[in-house]
Each structure stands twice: as structure tokens, then as C-alpha cells.
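One file, upload_35.cif, carrying mmCIF, N, CA, C and O atoms:
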```cif
data_run
loop_
_atom_site.group_PDB
_atom_site.id
_atom_site.type_symbol
_atom_site.label_atom_id
_atom_site.label_comp_id
_atom_site.auth_asym_id
_atom_site.auth_seq_id
_atom_site.Cartn_x
_atom_site.Cartn_y
_atom_site.Cartn_z
ATOM 1 N N MET A 1 -30.305 2.743 44.947
ATOM 2 C CA MET A 1 -31.582 2.188 44.572
ATOM 3 C C MET A 1 -31.327 0.886 43.822
ATOM 4 O O MET A 1 -30.424 0.818 42.994
ATOM 5 N N ILE A 2 -32.146 -0.131 44.115
ATOM 6 C CA ILE A 2 -32.028 -1.426 43.454
ATOM 7 C C ILE A 2 -33.311 -1.710 42.676
ATOM 8 O O ILE A 2 -34.395 -1.687 43.246
ATOM 9 N N PHE A 3 -33.169 -1.953 41.397
ATOM 10 C CA PHE A 3 -34.306 -2.337 40.576
ATOM 11 C C PHE A 3 -34.432 -3.852 40.577
ATOM 12 O O PHE A 3 -33.460 -4.553 40.315
ATOM 13 N N SER A 4 -35.611 -4.350 40.871
ATOM 14 C CA SER A 4 -35.849 -5.793 40.919
ATOM 15 C C SER A 4 -35.951 -6.394 39.528
ATOM 16 O O SER A 4 -36.224 -5.692 38.553
ATOM 17 N N HIS A 5 -35.783 -7.704 39.482
ATOM 18 C CA HIS A 5 -36.000 -8.491 38.267
ATOM 19 C C HIS A 5 -35.199 -7.962 37.081
ATOM 20 O O HIS A 5 -35.717 -7.803 35.980
ATOM 21 N N ALA A 6 -33.925 -7.669 37.343
ATOM 22 C CA ALA A 6 -33.007 -7.182 36.305
ATOM 23 C C ALA A 6 -33.498 -5.904 35.624
ATOM 24 O O ALA A 6 -33.201 -5.651 34.471
ATOM 25 N N GLY A 7 -34.253 -5.126 36.349
ATOM 26 C CA GLY A 7 -34.748 -3.872 35.791
ATOM 27 C C GLY A 7 -36.004 -4.027 34.963
ATOM 28 O O GLY A 7 -36.454 -3.077 34.328
ATOM 29 N N GLY A 8 -36.589 -5.227 34.954
ATOM 30 C CA GLY A 8 -37.819 -5.446 34.185
ATOM 31 C C GLY A 8 -37.592 -5.226 32.702
ATOM 32 O O GLY A 8 -36.686 -5.792 32.112
ATOM 33 N N THR A 9 -38.369 -4.362 32.111
ATOM 34 C CA THR A 9 -38.240 -4.114 30.675
ATOM 35 C C THR A 9 -37.204 -3.046 30.342
ATOM 36 O O THR A 9 -36.935 -2.802 29.171
ATOM 37 N N MET A 10 -36.610 -2.418 31.353
ATOM 38 C CA MET A 10 -35.684 -1.324 31.098
ATOM 39 C C MET A 10 -34.579 -1.672 30.100
ATOM 40 O O MET A 10 -34.340 -0.893 29.169
ATOM 41 N N PRO A 11 -33.898 -2.819 30.214
ATOM 42 C CA PRO A 11 -32.857 -3.103 29.218
ATOM 43 C C PRO A 11 -33.386 -3.163 27.782
ATOM 44 O O PRO A 11 -32.680 -2.814 26.843
ATOM 45 N N PHE A 12 -34.637 -3.572 27.631
ATOM 46 C CA PHE A 12 -35.217 -3.683 26.295
ATOM 47 C C PHE A 12 -35.700 -2.339 25.764
ATOM 48 O O PHE A 12 -35.905 -2.182 24.564
ATOM 49 N N LEU A 13 -35.881 -1.386 26.653
ATOM 50 C CA LEU A 13 -36.357 -0.065 26.258
ATOM 51 C C LEU A 13 -35.227 0.956 26.179
ATOM 52 O O LEU A 13 -35.476 2.144 26.053
ATOM 53 N N LYS A 14 -33.991 0.487 26.237
ATOM 54 C CA LYS A 14 -32.866 1.415 26.313
ATOM 55 C C LYS A 14 -32.782 2.368 25.125
ATOM 56 O O LYS A 14 -32.420 3.520 25.285
ATOM 57 N N ARG A 15 -33.143 1.912 23.951
ATOM 58 C CA ARG A 15 -33.074 2.818 22.803
ATOM 59 C C ARG A 15 -34.132 3.907 22.905
ATOM 60 O O ARG A 15 -33.838 5.084 22.690
ATOM 61 N N ALA A 16 -35.351 3.527 23.245
ATOM 62 C CA ALA A 16 -36.424 4.522 23.356
ATOM 63 C C ALA A 16 -36.112 5.539 24.450
ATOM 64 O O ALA A 16 -36.282 6.746 24.254
ATOM 65 N N THR A 17 -35.649 5.060 25.601
ATOM 66 C CA THR A 17 -35.342 5.984 26.686
ATOM 67 C C THR A 17 -34.088 6.784 26.366
ATOM 68 O O THR A 17 -33.985 7.950 26.743
ATOM 69 N N GLY A 18 -33.161 6.175 25.657
ATOM 70 C CA GLY A 18 -31.957 6.895 25.253
ATOM 71 C C GLY A 18 -32.271 8.015 24.290
ATOM 72 O O GLY A 18 -31.733 9.122 24.406
ATOM 73 N N ASP A 19 -33.160 7.768 23.360
ATOM 74 C CA ASP A 19 -33.570 8.805 22.412
ATOM 75 C C ASP A 19 -34.334 9.926 23.108
ATOM 76 O O ASP A 19 -34.146 11.095 22.805
ATOM 77 N N LEU A 20 -35.171 9.563 24.064
ATOM 78 C CA LEU A 20 -35.943 10.565 24.804
ATOM 79 C C LEU A 20 -35.013 11.478 25.602
ATOM 80 O O LEU A 20 -35.241 12.682 25.690
ATOM 81 N N ALA A 21 -33.951 10.917 26.148
ATOM 82 C CA ALA A 21 -33.001 11.705 26.940
ATOM 83 C C ALA A 21 -32.267 12.744 26.108
ATOM 84 O O ALA A 21 -31.714 13.692 26.656
ATOM 85 N N LYS A 22 -32.259 12.592 24.794
ATOM 86 C CA LYS A 22 -31.574 13.545 23.924
ATOM 87 C C LYS A 22 -32.443 14.752 23.565
ATOM 88 O O LYS A 22 -31.936 15.716 22.998
ATOM 89 N N THR A 23 -33.718 14.695 23.875
ATOM 90 C CA THR A 23 -34.601 15.811 23.544
ATOM 91 C C THR A 23 -34.268 17.008 24.423
ATOM 92 O O THR A 23 -33.777 16.845 25.547
ATOM 93 N N PRO A 24 -34.527 18.218 23.935
ATOM 94 C CA PRO A 24 -34.205 19.416 24.718
ATOM 95 C C PRO A 24 -34.828 19.416 26.122
ATOM 96 O O PRO A 24 -34.227 19.923 27.059
ATOM 97 N N GLN A 25 -35.984 18.828 26.249
ATOM 98 C CA GLN A 25 -36.673 18.801 27.539
ATOM 99 C C GLN A 25 -35.868 18.046 28.605
ATOM 100 O O GLN A 25 -35.872 18.421 29.771
ATOM 101 N N TYR A 26 -35.147 16.986 28.219
ATOM 102 C CA TYR A 26 -34.426 16.167 29.184
ATOM 103 C C TYR A 26 -32.906 16.253 29.082
ATOM 104 O O TYR A 26 -32.201 15.798 29.974
ATOM 105 N N ALA A 27 -32.405 16.803 28.017
ATOM 106 C CA ALA A 27 -30.955 16.830 27.794
ATOM 107 C C ALA A 27 -30.205 17.540 28.923
ATOM 108 O O ALA A 27 -29.107 17.115 29.291
ATOM 109 N N THR A 28 -30.767 18.584 29.487
ATOM 110 C CA THR A 28 -30.074 19.282 30.575
ATOM 111 C C THR A 28 -30.076 18.459 31.862
ATOM 112 O O THR A 28 -29.155 18.558 32.664
ATOM 113 N N GLN A 29 -31.109 17.634 32.052
ATOM 114 C CA GLN A 29 -31.189 16.795 33.248
ATOM 115 C C GLN A 29 -30.331 15.540 33.117
ATOM 116 O O GLN A 29 -29.901 14.971 34.123
ATOM 117 N N LEU A 30 -30.104 15.099 31.886
ATOM 118 C CA LEU A 30 -29.322 13.887 31.619
ATOM 119 C C LEU A 30 -28.201 14.203 30.632
ATOM 120 O O LEU A 30 -28.187 13.716 29.505
ATOM 121 N N PRO A 31 -27.235 15.040 31.035
ATOM 122 C CA PRO A 31 -26.204 15.478 30.085
ATOM 123 C C PRO A 31 -25.359 14.333 29.513
ATOM 124 O O PRO A 31 -24.859 14.442 28.394
ATOM 125 N N LYS A 32 -25.209 13.240 30.242
ATOM 126 C CA LYS A 32 -24.441 12.098 29.740
ATOM 127 C C LYS A 32 -25.342 11.043 29.119
ATOM 128 O O LYS A 32 -24.882 9.981 28.721
ATOM 129 N N GLY A 33 -26.638 11.323 29.063
ATOM 130 C CA GLY A 33 -27.594 10.395 28.476
ATOM 131 C C GLY A 33 -28.203 9.455 29.496
ATOM 132 O O GLY A 33 -27.747 9.341 30.635
ATOM 133 N N PHE A 34 -29.240 8.776 29.066
ATOM 134 C CA PHE A 34 -29.976 7.873 29.944
ATOM 135 C C PHE A 34 -29.137 6.688 30.399
ATOM 136 O O PHE A 34 -29.155 6.307 31.566
ATOM 137 N N LEU A 35 -28.387 6.082 29.484
ATOM 138 C CA LEU A 35 -27.627 4.884 29.841
ATOM 139 C C LEU A 35 -26.576 5.157 30.901
ATOM 140 O O LEU A 35 -26.323 4.319 31.766
ATOM 141 N N ALA A 36 -25.963 6.310 30.880
ATOM 142 C CA ALA A 36 -24.983 6.658 31.911
ATOM 143 C C ALA A 36 -25.649 6.719 33.279
ATOM 144 O O ALA A 36 -25.077 6.275 34.278
ATOM 145 N N GLU A 37 -26.853 7.249 33.329
ATOM 146 C CA GLU A 37 -27.577 7.307 34.598
ATOM 147 C C GLU A 37 -28.076 5.933 35.010
ATOM 148 O O GLU A 37 -27.998 5.556 36.179
ATOM 149 N N ALA A 38 -28.591 5.157 34.071
ATOM 150 C CA ALA A 38 -29.103 3.820 34.373
ATOM 151 C C ALA A 38 -27.997 2.914 34.903
ATOM 152 O O ALA A 38 -28.234 2.055 35.745
ATOM 153 N N ALA A 39 -26.779 3.117 34.450
ATOM 154 C CA ALA A 39 -25.649 2.287 34.865
ATOM 155 C C ALA A 39 -25.211 2.584 36.295
ATOM 156 O O ALA A 39 -24.428 1.825 36.863
ATOM 157 N N ARG A 40 -25.719 3.633 36.894
ATOM 158 C CA ARG A 40 -25.356 3.971 38.270
ATOM 159 C C ARG A 40 -26.190 3.208 39.292
ATOM 160 O O ARG A 40 -25.796 3.096 40.449
ATOM 161 N N PHE A 41 -27.342 2.706 38.887
ATOM 162 C CA PHE A 41 -28.227 1.996 39.805
ATOM 163 C C PHE A 41 -27.808 0.538 39.918
ATOM 164 O O PHE A 41 -26.957 0.057 39.179
ATOM 165 N N TYR A 42 -28.438 -0.157 40.847
ATOM 166 C CA TYR A 42 -28.198 -1.593 41.018
ATOM 167 C C TYR A 42 -29.414 -2.361 40.529
ATOM 168 O O TYR A 42 -30.538 -1.854 40.574
ATOM 169 N N TYR A 43 -29.170 -3.586 40.074
ATOM 170 C CA TYR A 43 -30.221 -4.438 39.515
ATOM 171 C C TYR A 43 -30.080 -5.825 40.107
ATOM 172 O O TYR A 43 -28.983 -6.391 40.080
ATOM 173 N N ASP A 44 -31.176 -6.374 40.648
ATOM 174 C CA ASP A 44 -31.053 -7.710 41.234
ATOM 175 C C ASP A 44 -31.459 -8.788 40.234
ATOM 176 O O ASP A 44 -32.010 -8.497 39.175
ATOM 177 N N THR A 45 -31.133 -10.031 40.583
ATOM 178 C CA THR A 45 -31.334 -11.152 39.675
ATOM 179 C C THR A 45 -32.607 -11.952 39.948
ATOM 180 O O THR A 45 -32.790 -13.010 39.354
ATOM 181 N N ALA A 46 -33.479 -11.457 40.809
ATOM 182 C CA ALA A 46 -34.702 -12.196 41.136
ATOM 183 C C ALA A 46 -35.505 -12.493 39.877
ATOM 184 O O ALA A 46 -35.852 -11.583 39.124
ATOM 185 N N GLN A 47 -35.779 -13.757 39.637
ATOM 186 C CA GLN A 47 -36.542 -14.246 38.487
ATOM 187 C C GLN A 47 -35.982 -13.772 37.147
ATOM 188 O O GLN A 47 -36.706 -13.662 36.166
ATOM 189 N N ALA A 48 -34.721 -13.467 37.113
ATOM 190 C CA ALA A 48 -34.120 -12.996 35.862
ATOM 191 C C ALA A 48 -32.797 -13.692 35.573
ATOM 192 O O ALA A 48 -32.029 -13.222 34.741
ATOM 193 N N SER A 49 -32.537 -14.771 36.261
ATOM 194 C CA SER A 49 -31.242 -15.431 36.084
ATOM 195 C C SER A 49 -31.273 -16.417 34.920
ATOM 196 O O SER A 49 -30.926 -17.574 35.047
ATOM 197 N N ASN A 50 -31.702 -15.933 33.773
ATOM 198 C CA ASN A 50 -31.704 -16.747 32.559
ATOM 199 C C ASN A 50 -30.836 -16.035 31.518
ATOM 200 O O ASN A 50 -30.596 -14.831 31.626
ATOM 201 N N PRO A 51 -30.337 -16.748 30.534
ATOM 202 C CA PRO A 51 -29.400 -16.148 29.580
ATOM 203 C C PRO A 51 -29.921 -14.900 28.856
ATOM 204 O O PRO A 51 -29.172 -13.940 28.673
ATOM 205 N N ALA A 52 -31.174 -14.888 28.483
ATOM 206 C CA ALA A 52 -31.698 -13.737 27.737
ATOM 207 C C ALA A 52 -31.753 -12.485 28.606
ATOM 208 O O ALA A 52 -31.283 -11.413 28.200
ATOM 209 N N ALA A 53 -32.309 -12.611 29.792
ATOM 210 C CA ALA A 53 -32.434 -11.453 30.678
ATOM 211 C C ALA A 53 -31.072 -10.941 31.128
ATOM 212 O O ALA A 53 -30.818 -9.729 31.133
ATOM 213 N N MET A 54 -30.189 -11.844 31.500
ATOM 214 C CA MET A 54 -28.873 -11.420 31.982
ATOM 215 C C MET A 54 -28.033 -10.821 30.859
ATOM 216 O O MET A 54 -27.303 -9.860 31.074
ATOM 217 N N SER A 55 -28.157 -11.347 29.658
ATOM 218 C CA SER A 55 -27.425 -10.784 28.522
ATOM 219 C C SER A 55 -27.890 -9.363 28.234
ATOM 220 O O SER A 55 -27.070 -8.465 28.012
ATOM 221 N N ALA A 56 -29.195 -9.163 28.247
ATOM 222 C CA ALA A 56 -29.735 -7.816 27.999
ATOM 223 C C ALA A 56 -29.268 -6.844 29.076
ATOM 224 O O ALA A 56 -28.844 -5.724 28.783
ATOM 225 N N LEU A 57 -29.337 -7.276 30.320
ATOM 226 C CA LEU A 57 -28.927 -6.401 31.423
ATOM 227 C C LEU A 57 -27.448 -6.067 31.345
ATOM 228 O O LEU A 57 -27.054 -4.914 31.529
ATOM 229 N N ARG A 58 -26.618 -7.051 31.038
ATOM 230 C CA ARG A 58 -25.168 -6.818 30.988
ATOM 231 C C ARG A 58 -24.762 -5.893 29.849
ATOM 232 O O ARG A 58 -23.678 -5.325 29.871
ATOM 233 N N LYS A 59 -25.626 -5.715 28.872
ATOM 234 C CA LYS A 59 -25.338 -4.772 27.793
ATOM 235 C C LYS A 59 -25.672 -3.343 28.199
ATOM 236 O O LYS A 59 -25.269 -2.401 27.533
ATOM 237 N N VAL A 60 -26.399 -3.194 29.296
ATOM 238 C CA VAL A 60 -26.820 -1.870 29.759
ATOM 239 C C VAL A 60 -26.018 -1.403 30.970
ATOM 240 O O VAL A 60 -25.698 -0.229 31.078
ATOM 241 N N VAL A 61 -25.688 -2.315 31.866
ATOM 242 C CA VAL A 61 -24.990 -1.931 33.095
ATOM 243 C C VAL A 61 -23.755 -2.805 33.297
ATOM 244 O O VAL A 61 -23.716 -3.942 32.843
ATOM 245 N N PRO A 62 -22.756 -2.284 34.019
ATOM 246 C CA PRO A 62 -21.587 -3.107 34.318
ATOM 247 C C PRO A 62 -21.940 -4.195 35.335
ATOM 248 O O PRO A 62 -22.882 -4.057 36.119
ATOM 249 N N VAL A 63 -21.184 -5.276 35.330
ATOM 250 C CA VAL A 63 -21.421 -6.393 36.245
ATOM 251 C C VAL A 63 -21.399 -5.925 37.699
ATOM 252 O O VAL A 63 -22.111 -6.469 38.539
ATOM 253 N N SER A 64 -20.641 -4.904 38.001
ATOM 254 C CA SER A 64 -20.552 -4.394 39.373
ATOM 255 C C SER A 64 -21.890 -3.884 39.897
ATOM 256 O O SER A 64 -22.073 -3.750 41.100
ATOM 257 N N GLN A 65 -22.832 -3.619 39.000
ATOM 258 C CA GLN A 65 -24.134 -3.095 39.415
ATOM 259 C C GLN A 65 -25.206 -4.189 39.505
ATOM 260 O O GLN A 65 -26.357 -3.905 39.800
ATOM 261 N N ILE A 66 -24.842 -5.425 39.256
ATOM 262 C CA ILE A 66 -25.792 -6.541 39.321
ATOM 263 C C ILE A 66 -25.596 -7.255 40.650
ATOM 264 O O ILE A 66 -24.490 -7.666 40.984
ATOM 265 N N VAL A 67 -26.678 -7.358 41.422
ATOM 266 C CA VAL A 67 -26.619 -7.987 42.733
ATOM 267 C C VAL A 67 -27.552 -9.186 42.790
ATOM 268 O O VAL A 67 -28.543 -9.255 42.057
ATOM 269 N N PHE A 68 -27.240 -10.137 43.670
ATOM 270 C CA PHE A 68 -28.064 -11.323 43.827
ATOM 271 C C PHE A 68 -29.382 -10.943 44.479
ATOM 272 O O PHE A 68 -29.427 -10.171 45.427
ATOM 273 N N GLY A 69 -30.458 -11.508 43.957
ATOM 274 C CA GLY A 69 -31.766 -11.289 44.553
ATOM 275 C C GLY A 69 -32.664 -12.479 44.284
ATOM 276 O O GLY A 69 -32.520 -13.161 43.276
ATOM 277 N N THR A 70 -33.569 -12.750 45.198
ATOM 278 C CA THR A 70 -34.536 -13.827 45.022
ATOM 279 C C THR A 70 -35.901 -13.335 45.462
ATOM 280 O O THR A 70 -36.018 -12.290 46.090
ATOM 281 N N ASP A 71 -36.914 -14.098 45.158
ATOM 282 C CA ASP A 71 -38.255 -13.799 45.644
ATOM 283 C C ASP A 71 -38.654 -14.779 46.740
ATOM 284 O O ASP A 71 -39.819 -14.899 47.066
ATOM 285 N N TYR A 72 -37.671 -15.491 47.274
ATOM 286 C CA TYR A 72 -37.946 -16.437 48.340
ATOM 287 C C TYR A 72 -38.458 -15.683 49.563
ATOM 288 O O TYR A 72 -37.936 -14.620 49.865
ATOM 289 N N PRO A 73 -39.451 -16.078 50.232
ATOM 290 C CA PRO A 73 -40.219 -17.322 50.140
ATOM 291 C C PRO A 73 -41.487 -17.179 49.323
ATOM 292 O O PRO A 73 -42.356 -18.032 49.362
ATOM 293 N N PHE A 74 -41.607 -16.096 48.554
ATOM 294 C CA PHE A 74 -42.855 -15.835 47.842
ATOM 295 C C PHE A 74 -42.999 -16.591 46.543
ATOM 296 O O PHE A 74 -44.069 -16.655 45.981
ATOM 297 N N ARG A 75 -41.949 -17.162 46.039
ATOM 298 C CA ARG A 75 -42.035 -17.958 44.821
ATOM 299 C C ARG A 75 -41.379 -19.301 45.075
ATOM 300 O O ARG A 75 -40.264 -19.369 45.590
ATOM 301 N N THR A 76 -42.055 -20.338 44.688
ATOM 302 C CA THR A 76 -41.496 -21.677 44.860
ATOM 303 C C THR A 76 -40.836 -22.104 43.559
ATOM 304 O O THR A 76 -40.976 -21.453 42.525
ATOM 305 N N SER A 77 -40.149 -23.206 43.586
ATOM 306 C CA SER A 77 -39.481 -23.719 42.391
ATOM 307 C C SER A 77 -40.424 -24.528 41.518
ATOM 308 O O SER A 77 -40.042 -25.020 40.468
ATOM 309 N N ILE A 78 -41.663 -24.684 41.930
ATOM 310 C CA ILE A 78 -42.640 -25.464 41.158
ATOM 311 C C ILE A 78 -43.384 -24.565 40.202
ATOM 312 O O ILE A 78 -43.745 -23.492 40.433
#
```

As C-alpha cells - that is how I would like this structure written.
Amino acid sequence: MIFSHAGGTMPFLKRATGDLAKTPQYATQLPKGFLAEAARFYYDTAQASNPAAMSALRKVVPVSQIVFGTDYPFRTSI
């Protein structure tokens, strides 16, 4: 599965989702925690190839999970 736009707000919500994964309701489904599962997916760079977005994403997932993506032809450079 590939999440568009560097995962959207997911890198910024990692603490909230990480804390939720520790609750008894989800701990059995996510034994290694949310971040371990999030790091298994792929994330594209469409409209997210700026220092802030890429820095946040790289703190959540390894570079091997980041793939090139664009919104061409739906977004112009203007």
C-alpha cells in the first residue's frame, strides 16, 4: 500500500497514534506498536518534496519506504 503526499498528517500524529496503539484494545493487534507497522508501508513524495514534510516523514519511516510520486497532470507548477 502506498500513502500519497508523504502520508499526509500521519508523521505529525505519530505520538497520538503511538499512544493509542499501547492501549489494551489495540496492543494485541499492534504488538510492536504503531510506528513499526507504519514503517512497513510506502509513502510517495507527491506535493511533499519540501524540507519540512520530508524531514517529518524520514523520522517515521526508513528511506527505503519513500517512493517518487507526482500529481501530474492534475497539478501545474503555477

Chain A: residues DSSP assigns to strand (DSSP E), reported as a compact mmCIF listing (two decimals) with N, CA, C and O atoms, keeping the file's coordinate frame:
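Once everything was written out, this is selection-v5.txt:
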```
# COMPACT_ATOMS: atom_id res chain seq x y z
N ILE A 2 -32.15 -0.13 44.12
CA ILE A 2 -32.03 -1.43 43.45
C ILE A 2 -33.31 -1.71 42.68
O ILE A 2 -34.40 -1.69 43.25
N PHE A 3 -33.17 -1.95 41.40
CA PHE A 3 -34.31 -2.34 40.58
C PHE A 3 -34.43 -3.85 40.58
O PHE A 3 -33.46 -4.55 40.32
N TYR A 42 -28.44 -0.16 40.85
CA TYR A 42 -28.20 -1.59 41.02
C TYR A 42 -29.41 -2.36 40.53
O TYR A 42 -30.54 -1.85 40.57
N TYR A 43 -29.17 -3.59 40.07
CA TYR A 43 -30.22 -4.44 39.52
C TYR A 43 -30.08 -5.82 40.11
O TYR A 43 -28.98 -6.39 40.08
N ASP A 44 -31.18 -6.37 40.65
CA ASP A 44 -31.05 -7.71 41.23
C ASP A 44 -31.46 -8.79 40.23
O ASP A 44 -32.01 -8.50 39.17
N ILE A 66 -24.84 -5.42 39.26
CA ILE A 66 -25.79 -6.54 39.32
C ILE A 66 -25.60 -7.26 40.65
O ILE A 66 -24.49 -7.67 40.98
N VAL A 67 -26.68 -7.36 41.42
CA VAL A 67 -26.62 -7.99 42.73
C VAL A 67 -27.55 -9.19 42.79
O VAL A 67 -28.54 -9.26 42.06
```

- Item | Spatial neighbours of region 51-59 of chain A, 7 Å, all atoms listed in the file, chain gap at least 6 places, as a PyMOL selection string | chain A and resi 6+11-12

Step by step, work through what the PyMOL selection byres (((chain A and resi 30-45 and name CA) around 6) and name CA) selects in the shown file, and finish by giving those residues as a PDB file with N, CA, C and O atoms, in the coordinates of the input.
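The file below, result.pdb, is the result:
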```pdb
ATOM      1  N   MET A   1     -30.305   2.743  44.947  1.00  0.00           N
ATOM      2  CA  MET A   1     -31.582   2.188  44.572  1.00  0.00           C
ATOM      3  C   MET A   1     -31.327   0.886  43.822  1.00  0.00           C
ATOM      4  O   MET A   1     -30.424   0.818  42.994  1.00  0.00           O
ATOM      5  N   ILE A   2     -32.146  -0.131  44.115  1.00  0.00           N
ATOM      6  CA  ILE A   2     -32.028  -1.426  43.454  1.00  0.00           C
ATOM      7  C   ILE A   2     -33.311  -1.710  42.676  1.00  0.00           C
ATOM      8  O   ILE A   2     -34.395  -1.687  43.246  1.00  0.00           O
ATOM      9  N   PHE A   3     -33.169  -1.953  41.397  1.00  0.00           N
ATOM     10  CA  PHE A   3     -34.306  -2.337  40.576  1.00  0.00           C
ATOM     11  C   PHE A   3     -34.432  -3.852  40.577  1.00  0.00           C
ATOM     12  O   PHE A   3     -33.460  -4.553  40.315  1.00  0.00           O
ATOM     13  N   SER A   4     -35.611  -4.350  40.871  1.00  0.00           N
ATOM     14  CA  SER A   4     -35.849  -5.793  40.919  1.00  0.00           C
ATOM     15  C   SER A   4     -35.951  -6.394  39.528  1.00  0.00           C
ATOM     16  O   SER A   4     -36.224  -5.692  38.553  1.00  0.00           O
ATOM     17  N   HIS A   5     -35.783  -7.704  39.482  1.00  0.00           N
ATOM     18  CA  HIS A   5     -36.000  -8.491  38.267  1.00  0.00           C
ATOM     19  C   HIS A   5     -35.199  -7.962  37.081  1.00  0.00           C
ATOM     20  O   HIS A   5     -35.717  -7.803  35.980  1.00  0.00           O
ATOM     21  N   ALA A   6     -33.925  -7.669  37.343  1.00  0.00           N
ATOM     22  CA  ALA A   6     -33.007  -7.182  36.305  1.00  0.00           C
ATOM     23  C   ALA A   6     -33.498  -5.904  35.624  1.00  0.00           C
ATOM     24  O   ALA A   6     -33.201  -5.651  34.471  1.00  0.00           O
ATOM     25  N   GLY A   7     -34.253  -5.126  36.349  1.00  0.00           N
ATOM     26  CA  GLY A   7     -34.748  -3.872  35.791  1.00  0.00           C
ATOM     27  C   GLY A   7     -36.004  -4.027  34.963  1.00  0.00           C
ATOM     28  O   GLY A   7     -36.454  -3.077  34.328  1.00  0.00           O
ATOM     29  N   GLY A  18     -33.161   6.175  25.657  1.00  0.00           N
ATOM     30  CA  GLY A  18     -31.957   6.895  25.253  1.00  0.00           C
ATOM     31  C   GLY A  18     -32.271   8.015  24.290  1.00  0.00           C
ATOM     32  O   GLY A  18     -31.733   9.122  24.406  1.00  0.00           O
ATOM     33  N   ALA A  21     -33.951  10.917  26.148  1.00  0.00           N
ATOM     34  CA  ALA A  21     -33.001  11.705  26.940  1.00  0.00           C
ATOM     35  C   ALA A  21     -32.267  12.744  26.108  1.00  0.00           C
ATOM     36  O   ALA A  21     -31.714  13.692  26.656  1.00  0.00           O
ATOM     37  N   ALA A  27     -32.405  16.803  28.017  1.00  0.00           N
ATOM     38  CA  ALA A  27     -30.955  16.830  27.794  1.00  0.00           C
ATOM     39  C   ALA A  27     -30.205  17.540  28.923  1.00  0.00           C
ATOM     40  O   ALA A  27     -29.107  17.115  29.291  1.00  0.00           O
ATOM     41  N   THR A  28     -30.767  18.584  29.487  1.00  0.00           N
ATOM     42  CA  THR A  28     -30.074  19.282  30.575  1.00  0.00           C
ATOM     43  C   THR A  28     -30.076  18.459  31.862  1.00  0.00           C
ATOM     44  O   THR A  28     -29.155  18.558  32.664  1.00  0.00           O
ATOM     45  N   GLN A  29     -31.109  17.634  32.052  1.00  0.00           N
ATOM     46  CA  GLN A  29     -31.189  16.795  33.248  1.00  0.00           C
ATOM     47  C   GLN A  29     -30.331  15.540  33.117  1.00  0.00           C
ATOM     48  O   GLN A  29     -29.901  14.971  34.123  1.00  0.00           O
ATOM     49  N   ALA A  46     -33.479 -11.457  40.809  1.00  0.00           N
ATOM     50  CA  ALA A  46     -34.702 -12.196  41.136  1.00  0.00           C
ATOM     51  C   ALA A  46     -35.505 -12.493  39.877  1.00  0.00           C
ATOM     52  O   ALA A  46     -35.852 -11.583  39.124  1.00  0.00           O
ATOM     53  N   ALA A  48     -34.721 -13.467  37.113  1.00  0.00           N
ATOM     54  CA  ALA A  48     -34.120 -12.996  35.862  1.00  0.00           C
ATOM     55  C   ALA A  48     -32.797 -13.692  35.573  1.00  0.00           C
ATOM     56  O   ALA A  48     -32.029 -13.222  34.741  1.00  0.00           O
ATOM     57  N   SER A  49     -32.537 -14.771  36.261  1.00  0.00           N
ATOM     58  CA  SER A  49     -31.242 -15.431  36.084  1.00  0.00           C
ATOM     59  C   SER A  49     -31.273 -16.417  34.920  1.00  0.00           C
ATOM     60  O   SER A  49     -30.926 -17.574  35.047  1.00  0.00           O
ATOM     61  N   VAL A  61     -25.688  -2.315  31.866  1.00  0.00           N
ATOM     62  CA  VAL A  61     -24.990  -1.931  33.095  1.00  0.00           C
ATOM     63  C   VAL A  61     -23.755  -2.805  33.297  1.00  0.00           C
ATOM     64  O   VAL A  61     -23.716  -3.942  32.843  1.00  0.00           O
ATOM     65  N   GLN A  65     -22.832  -3.619  39.000  1.00  0.00           N
ATOM     66  CA  GLN A  65     -24.134  -3.095  39.415  1.00  0.00           C
ATOM     67  C   GLN A  65     -25.206  -4.189  39.505  1.00  0.00           C
ATOM     68  O   GLN A  65     -26.357  -3.905  39.800  1.00  0.00           O
ATOM     69  N   ILE A  66     -24.842  -5.425  39.256  1.00  0.00           N
ATOM     70  CA  ILE A  66     -25.792  -6.541  39.321  1.00  0.00           C
ATOM     71  C   ILE A  66     -25.596  -7.255  40.650  1.00  0.00           C
ATOM     72  O   ILE A  66     -24.490  -7.666  40.984  1.00  0.00           O
ATOM     73  N   VAL A  67     -26.678  -7.358  41.422  1.00  0.00           N
ATOM     74  CA  VAL A  67     -26.619  -7.987  42.733  1.00  0.00           C
ATOM     75  C   VAL A  67     -27.552  -9.186  42.790  1.00  0.00           C
ATOM     76  O   VAL A  67     -28.543  -9.255  42.057  1.00  0.00           O
ATOM     77  N   PHE A  68     -27.240 -10.137  43.670  1.00  0.00           N
ATOM     78  CA  PHE A  68     -28.064 -11.323  43.827  1.00  0.00           C
ATOM     79  C   PHE A  68     -29.382 -10.943  44.479  1.00  0.00           C
ATOM     80  O   PHE A  68     -29.427 -10.171  45.427  1.00  0.00           O
ATOM     81  N   GLY A  69     -30.458 -11.508  43.957  1.00  0.00           N
ATOM     82  CA  GLY A  69     -31.766 -11.289  44.553  1.00  0.00           C
ATOM     83  C   GLY A  69     -32.664 -12.479  44.284  1.00  0.00           C
ATOM     84  O   GLY A  69     -32.520 -13.161  43.276  1.00  0.00           O
TER      85      GLY A  69
END
```

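Atom pair CA of Asp19 (chain A) / atom O of Ser64 (chain A): separated by 25.3 Å.
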
- Item | Separation of atom C of Thr70 (chain A) from atom N of Gly8 (chain A) in Å | 13.3 Å

- Query: For the atom pair atom N of Gln47 (chain A) and atom O of Arg15 (chain A), what is the interatomic distance in Å to one decimal place?
  - Reply: 25.4 Å

- Task: Go through chain A and collect every residue that DSSP, computed from the backbone, puts in alpha helix (DSSP H); the answer should be as a VMD selection string.
- Result: chain A and resid 14 to 21 24 to 27 34 to 38 51 to 58

Report, as AutoDock Vina command-line options, the axis-aligned box around all atoms of region 19-28 of chain A present in the file, extended by 5 Å on each side; give centre and edge lengths in Å to one decimal place.
```
--center_x -32.9 --center_y 13.8 --center_z 27.5 --size_x 17.6 --size_y 22.2 --size_z 20.3
```
